[in-house]
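Source file: input27.txt (compact mmCIF, C-alpha atoms)
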```
# COMPACT_ATOMS: atom_id res chain seq x y z
CA MET A 1 0.71 -7.86 -19.71
CA THR A 2 -2.19 -5.40 -19.64
CA ILE A 3 -2.06 -3.00 -16.72
CA ASN A 4 -4.93 -0.82 -15.60
CA TYR A 5 -4.82 1.85 -12.93
CA VAL A 6 -7.42 2.07 -10.19
CA VAL A 7 -7.43 5.39 -8.33
CA VAL A 8 -8.97 5.17 -4.86
CA PRO A 9 -8.82 8.61 -3.17
CA GLN A 10 -9.69 7.22 0.25
CA TRP A 11 -8.70 9.28 3.27
CA GLN A 12 -10.86 7.68 5.97
CA GLY A 13 -8.23 5.10 6.93
CA SER A 14 -5.62 7.71 7.81
CA GLY A 15 -4.87 9.04 11.27
CA SER A 16 -2.75 11.91 9.97
CA SER A 17 -3.74 15.55 10.32
CA ARG A 18 -3.13 15.73 6.57
CA ALA A 19 -5.59 12.94 5.76
CA MET A 20 -7.75 15.04 3.44
CA GLN A 21 -4.68 15.88 1.38
CA LEU A 22 -4.57 12.23 0.33
CA VAL A 23 -7.52 13.04 -1.93
CA ASP A 24 -5.49 15.80 -3.57
CA GLY A 25 -2.52 13.45 -3.92
CA ALA A 26 -4.55 10.73 -5.62
CA GLU A 27 -6.09 13.26 -7.99
CA ALA A 28 -2.67 14.70 -8.83
CA ILE A 29 -1.36 11.26 -9.77
CA ARG A 30 -4.51 10.46 -11.76
CA GLY A 31 -3.88 13.50 -13.92
CA ASP A 32 -0.70 11.90 -15.26
CA LEU A 33 -2.10 8.42 -15.89
CA PRO A 34 -3.43 7.24 -19.28
CA SER A 35 -7.15 7.97 -19.19
CA ALA A 36 -8.14 4.94 -21.29
CA SER A 37 -6.71 2.51 -18.74
CA THR A 38 -7.58 4.37 -15.54
CA ARG A 39 -10.65 3.86 -13.36
CA THR A 40 -11.56 5.96 -10.33
CA VAL A 41 -13.46 4.55 -7.37
CA ASP A 42 -16.03 6.90 -5.87
CA VAL A 43 -15.16 7.60 -2.23
CA PRO A 44 -17.88 9.02 0.05
CA LEU A 45 -17.42 12.52 1.41
CA GLU A 46 -18.58 11.57 4.88
CA ALA A 47 -16.11 10.25 7.45
CA GLY A 48 -18.28 7.32 8.55
CA ASP A 49 -18.49 5.76 12.02
CA HIS A 50 -16.67 3.00 13.89
CA GLN A 51 -19.71 0.73 14.40
CA GLY A 52 -18.35 -0.39 17.74
CA THR A 53 -15.23 -2.04 16.27
CA GLY A 54 -12.43 0.28 17.36
CA VAL A 55 -11.70 1.11 13.71
CA HIS A 56 -12.41 4.76 13.01
CA ARG A 57 -14.66 5.55 10.03
CA LEU A 58 -15.34 1.85 9.44
CA SER A 59 -18.62 2.34 7.59
CA SER A 60 -16.93 4.40 4.88
CA LEU A 61 -14.04 1.93 4.64
CA LEU A 62 -16.51 -0.89 4.04
CA LEU A 63 -18.28 1.04 1.31
CA VAL A 64 -15.03 1.86 -0.49
CA ARG A 65 -13.87 -1.74 -0.24
CA GLU A 66 -17.05 -3.00 -1.91
CA ARG A 67 -16.83 -0.44 -4.70
CA THR A 68 -13.17 -1.27 -5.26
CA ARG A 69 -13.90 -5.01 -5.34
CA HIS A 70 -16.43 -4.44 -8.11
CA THR A 71 -13.91 -2.42 -10.10
CA TYR A 72 -11.33 -5.22 -9.96
CA ALA A 73 -13.86 -7.95 -10.69
CA ALA A 74 -15.06 -6.16 -13.81
CA ASP A 75 -11.60 -6.08 -15.39
CA PRO A 76 -9.21 -9.04 -15.84
CA ALA A 77 -6.13 -6.82 -16.15
CA ILE A 78 -3.32 -6.51 -13.64
CA HIS A 79 -4.10 -3.53 -11.45
CA VAL A 80 -1.90 -0.79 -10.08
CA THR A 81 -3.88 0.80 -7.28
CA ILE A 82 -3.34 4.45 -6.47
CA GLY A 83 -4.32 5.62 -2.99
CA GLY A 84 -5.41 7.29 -0.84
CA ASP A 85 -4.34 5.77 2.42
CA CYS A 86 -2.86 2.29 2.87
CA GLY A 87 -6.32 0.88 3.58
CA VAL A 88 -6.97 0.74 -0.17
CA GLU A 89 -4.69 -2.31 -0.23
CA LEU A 90 -7.32 -4.35 1.62
CA ALA A 91 -9.38 -4.90 -1.52
CA ALA A 92 -6.37 -4.87 -3.86
CA ILE A 93 -4.46 -7.66 -2.10
CA GLU A 94 -7.64 -9.57 -1.32
CA HIS A 95 -8.27 -9.63 -5.08
CA VAL A 96 -4.95 -11.38 -5.85
CA SER A 97 -4.53 -13.46 -2.68
CA PRO A 98 -6.01 -16.71 -4.11
CA SER A 99 -2.96 -16.92 -6.41
CA ALA A 100 -0.66 -16.72 -3.34
CA PRO A 101 1.84 -14.11 -4.53
CA ALA A 102 4.70 -12.91 -2.39
CA VAL A 103 3.55 -9.62 -0.89
CA VAL A 104 6.34 -7.09 -0.49
CA TRP A 105 5.23 -4.41 1.98
CA ILE A 106 7.54 -1.46 1.26
CA ASP A 107 6.66 0.96 4.02
CA ALA A 108 8.20 2.93 6.88
CA HIS A 109 5.53 1.36 9.14
CA PRO A 110 4.54 -2.32 9.34
CA ASP A 111 0.79 -1.57 9.75
CA LEU A 112 0.41 -4.59 12.03
CA HIS A 113 -1.78 -3.22 14.79
CA THR A 114 -5.13 -4.63 15.83
CA PRO A 115 -8.04 -2.49 17.06
CA GLU A 116 -7.01 -3.48 20.58
CA SER A 117 -3.38 -2.41 20.24
CA SER A 118 -3.88 0.72 18.11
CA ALA A 119 -3.72 4.00 19.99
CA SER A 120 -5.22 5.95 17.08
CA GLY A 121 -7.92 3.65 15.74
CA ALA A 122 -6.74 4.52 12.22
CA PHE A 123 -7.12 1.60 9.83
CA ASN A 124 -3.99 2.35 7.84
CA GLY A 125 -2.04 1.13 10.87
CA MET A 126 -4.00 -2.15 10.92
CA VAL A 127 -4.41 -3.06 7.26
CA LEU A 128 -1.60 -5.62 6.97
CA ARG A 129 -2.61 -7.39 10.19
CA THR A 130 -6.15 -7.55 8.84
CA LEU A 131 -4.90 -9.04 5.56
CA LEU A 132 -3.13 -11.66 7.67
CA GLY A 133 -6.50 -12.65 9.16
CA GLU A 134 -6.54 -10.70 12.43
CA GLY A 135 -8.86 -7.73 12.56
CA PRO A 136 -12.56 -6.87 12.68
CA ALA A 137 -14.52 -9.79 11.20
CA VAL A 138 -16.19 -7.53 8.63
CA LEU A 139 -12.79 -6.58 7.18
CA VAL A 140 -10.85 -9.86 7.29
CA PRO A 141 -10.54 -11.26 3.74
CA GLU A 142 -11.80 -14.69 2.77
CA HIS A 143 -8.30 -15.69 1.65
CA ALA A 144 -5.93 -14.33 4.28
CA LEU A 145 -2.24 -13.81 3.61
CA THR A 146 0.23 -16.14 5.27
CA ALA A 147 3.27 -14.79 7.06
CA ASP A 148 5.63 -16.96 5.02
CA HIS A 149 4.56 -15.11 1.84
CA LEU A 150 5.10 -11.65 3.34
CA ILE A 151 8.23 -9.47 3.25
CA LEU A 152 8.55 -6.17 5.09
CA ALA A 153 10.97 -3.72 3.50
CA GLY A 154 12.13 -0.31 4.66
CA VAL A 155 10.30 -0.45 8.01
CA ARG A 156 11.86 1.87 10.56
CA SER A 157 8.96 2.95 12.77
CA ALA A 158 7.31 0.00 14.51
CA ASP A 159 5.59 -0.06 17.90
CA PRO A 160 6.55 -2.73 20.45
CA GLU A 161 3.38 -4.73 19.79
CA GLU A 162 4.20 -4.80 16.08
CA ASP A 163 7.82 -5.80 16.69
CA ALA A 164 6.65 -8.67 18.88
CA TYR A 165 4.23 -9.87 16.19
CA ILE A 166 6.93 -9.73 13.50
CA GLN A 167 9.19 -11.91 15.63
CA ASP A 168 6.48 -14.34 16.72
CA ALA A 169 5.13 -14.78 13.18
CA GLY A 170 8.61 -15.11 11.66
CA ILE A 171 7.98 -12.42 9.05
CA ARG A 172 10.94 -11.68 6.79
CA SER A 173 12.13 -8.09 7.11
CA ILE A 174 14.69 -6.06 5.19
CA GLY A 175 15.81 -2.83 6.87
CA VAL A 176 16.79 0.38 5.15
CA ILE A 177 20.51 -0.32 5.43
CA GLU A 178 20.15 -3.84 3.98
CA PHE A 179 17.65 -2.83 1.30
CA SER A 180 18.81 -3.76 -2.20
CA ALA A 181 17.63 -5.61 -5.27
CA ASP A 182 19.67 -8.68 -4.32
CA ALA A 183 18.31 -8.77 -0.76
CA LEU A 184 14.72 -8.43 -1.92
CA LEU A 185 15.05 -11.02 -4.68
CA GLU A 186 16.56 -13.46 -2.20
CA ALA A 187 13.67 -12.90 0.22
CA ILE A 188 11.07 -13.39 -2.52
CA ALA A 189 12.73 -16.61 -3.63
CA ALA A 190 12.57 -17.89 -0.05
CA THR A 191 8.77 -17.55 -0.06
CA GLY A 192 8.47 -20.04 -2.92
CA ALA A 193 5.95 -17.77 -4.65
CA ASP A 194 5.91 -17.45 -8.43
CA SER A 195 4.50 -13.90 -8.59
CA VAL A 196 4.73 -10.74 -6.52
CA TYR A 197 2.52 -7.96 -5.24
CA LEU A 198 4.30 -4.68 -4.46
CA HIS A 199 2.86 -2.35 -1.85
CA ILE A 200 4.61 1.03 -1.80
CA ASP A 201 3.77 3.50 0.92
CA LEU A 202 5.60 6.62 -0.15
CA ASP A 203 6.71 7.26 3.43
CA VAL A 204 9.33 4.57 2.85
CA LEU A 205 11.22 7.30 0.98
CA ASP A 206 13.56 9.62 2.78
CA PRO A 207 11.64 12.87 3.50
CA ALA A 208 14.72 14.77 2.36
CA ASP A 209 13.93 13.46 -1.13
CA PHE A 210 10.13 13.46 -1.04
CA ALA A 211 8.02 16.05 0.80
CA GLY A 212 4.38 15.07 0.29
CA LEU A 213 4.02 12.78 3.30
CA GLY A 214 1.54 12.83 6.14
CA SER A 215 3.71 10.64 8.37
CA PRO A 216 7.35 11.21 7.36
CA VAL A 217 10.05 9.12 8.99
CA PRO A 218 13.72 10.17 8.66
CA PHE A 219 16.47 8.05 7.10
CA GLY A 220 14.46 6.35 4.40
CA ILE A 221 15.24 4.77 1.05
CA SER A 222 16.28 6.94 -1.89
CA PRO A 223 13.93 7.14 -4.88
CA THR A 224 16.70 5.92 -7.18
CA LEU A 225 17.39 2.79 -5.16
CA LEU A 226 13.69 2.02 -4.79
CA ALA A 227 13.04 2.36 -8.52
CA GLU A 228 16.07 0.23 -9.42
CA THR A 229 14.98 -2.47 -6.98
CA ILE A 230 11.42 -2.54 -8.29
CA ARG A 231 12.72 -2.90 -11.84
CA ALA A 232 14.87 -5.85 -10.80
CA VAL A 233 11.91 -7.55 -9.11
CA VAL A 234 9.47 -7.20 -12.00
CA ALA A 235 12.16 -8.33 -14.44
CA LYS A 236 12.34 -11.66 -12.62
CA TYR A 237 8.82 -12.23 -11.25
CA PRO A 238 5.39 -11.80 -12.82
CA LEU A 239 3.52 -8.89 -11.30
CA ALA A 240 0.31 -9.87 -9.50
CA GLY A 241 -0.44 -6.23 -8.78
CA ALA A 242 0.90 -3.16 -7.05
CA GLY A 243 -0.21 -0.23 -4.95
CA ILE A 244 1.16 3.27 -4.37
CA THR A 245 -0.28 5.01 -1.33
CA GLU A 246 -0.08 7.94 1.09
CA PHE A 247 0.75 10.85 -1.21
CA ALA A 248 -0.35 13.90 0.80
CA PRO A 249 1.05 17.04 -0.83
CA ALA A 250 0.64 20.23 1.18
CA SER A 251 0.28 22.41 -1.93
CA ILE A 252 0.05 22.32 -5.71
CA THR A 253 3.71 23.27 -5.88
CA GLN A 254 4.73 20.41 -3.62
CA ALA A 255 2.65 18.00 -5.69
CA ALA A 256 4.40 19.16 -8.86
CA ASP A 257 7.79 18.70 -7.22
CA ASP A 258 7.01 15.14 -6.05
CA LEU A 259 5.13 13.79 -9.07
CA PRO A 260 8.25 12.98 -11.13
CA THR A 261 9.36 10.59 -8.38
CA ILE A 262 5.96 8.87 -8.31
CA LEU A 263 5.89 8.55 -12.10
CA ARG A 264 9.38 7.08 -11.98
CA LEU A 265 8.15 4.42 -9.55
CA ILE A 266 5.12 3.68 -11.73
CA GLY A 267 7.48 3.36 -14.69
CA ALA A 268 9.55 0.86 -12.74
CA ILE A 269 6.46 -1.18 -11.78
CA THR A 270 5.30 -1.38 -15.40
CA SER A 271 8.77 -1.81 -16.93
CA ALA A 272 8.31 -5.51 -17.67
CA ARG A 273 5.25 -4.98 -19.89
```

Structure re-expressed in structure tokens:
Amino acid sequence: MTINYVVVPQWQGSGSSRAMQLVDGAEAIRGDLPSASTRTVDVPLEAGDHQGTGVHRLSSLLLVRERTRHTYAADPAIHVTIGGDCGVELAAIEHVSPSAPAVVWIDAHPDLHTPESSASGAFNGMVLRTLLGEGPAVLVPEHALTADHLILAGVRSADPEEDAYIQDAGIRSIGVIEFSADALLEAIAATGADSVYLHIDLDVLDPADFAGLGSPVPFGISPTLLAETIRAVVAKYPLAGAGITEFAPASITQAADDLPTILRLIGAITSAR
């Protein structure tokens, strides 16, 4: 299994006051990746405009998506995408969706808003709903995800509109207390999929263990448990791809403190090579 890394230092999808620090976070991770198998997508400096859609900075998001699509299309390897904000997963999951993997969304937030329900207009809170086929027409992928192939894991900060959608769509969800390798493997098996895509928003981690977060939520998953669970998943299922997003270190020192945890998660993702 050949794995390449695609670094996408996109910040325009974030609604956090620390959005620009996502660029620093992506660059910090890139510095520890093997240069021969790492590609970096050029992200525009400008914020972009909403183009009347209710999605802030949409024009820049569209440009980054097109550039990221070209990067994936040019390389047949399995890709581990390094954000940037969660919006980078739009192109990453769109790229693998024709093979219908189980998508495991490991995140403190479900990211299931629409432009109509979002109070912030930030796309990182809408990306999963868009991947499921509900969002601005210019962003909805040709091959949308289906709810029966989706698993939410570690979610502990959902708005009422998102909770209602999770229930109505019948999306499988594993809370922090229930989170384990066995629980996740059982949920993946129930999808009937024969491969898996792992989305990891670092805010799923407990902020007591990981500081570089723009939107920290207390009482998260420990880095050790998350790494062990990822290893168990990739030992059993072929990896369709993976993404690590939302690293927003406040300083060089904080980045240095958090990077060992990120590299441990990358090691777990690639452990079945």

Please provide the set of residues having any atom within 8 Å of stretch 5-17 of chain A, restricted to only C-alpha atoms, with same-chain residues fewer than 6 positions apart removed, written as a PyMOL selection string. chain A and resi 23-27+30+33+37-43+47-48+56-57+60-61+64+68+71+79-88+120-124+214-215

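Proximity of A:Ala36, A:Arg69, A:Asp75, A:Ala240 to A:Ser195, computed with all atoms listed in the file, is greatest for A:Ala240.
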
Between atom CA of A:Gln254 and atom CA of A:Ala158 - distance in Å to one decimal: 27.4 Å

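We find atom CA of A:Ile151 and atom CA of A:Leu62 to be spaced 26.2 Å apart.
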
A:Trp105: which residues within 9 Å, counting all atoms listed in the file, same-chain residues fewer than 4 positions away excluded, as a PyMOL selection string? chain A and resi 110+128+150-155+197-201

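Nearest residue to A:Gly135, choosing from A:Asp194, A:Glu46, A:Glu116, A:Asp182 and counting all atoms listed in the file: A:Glu116.
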
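Atom CA of A:Asp209 is found 28.0 Å from atom CA of A:Ile93.
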
Using all atoms listed in the file, give me every residue within 10 Å of (14.3, 0.4, 10.2) in file coordinates, as a PyMOL selection string. chain A and resi 107-109+153-158+173-178+204+217-220

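Considering all atoms listed in the file, the residue among A:Glu186, A:Glu246, A:Asp257, A:Asp148 positioned nearest to A:Val233 is A:Glu186.
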
Write out as a PyMOL selection string the residues lying within 9 Å of stretch 161-163 of chain A, counting all atoms listed in the file and excluding same-chain residues fewer than 5 positions away. chain A and resi 110-113+117+168

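When all atoms listed in the file are used to compute distances to A:Phe179, the closest of the residues A:Ile3, A:Ile262, A:Ile252, A:Leu225 turns out to be A:Leu225.
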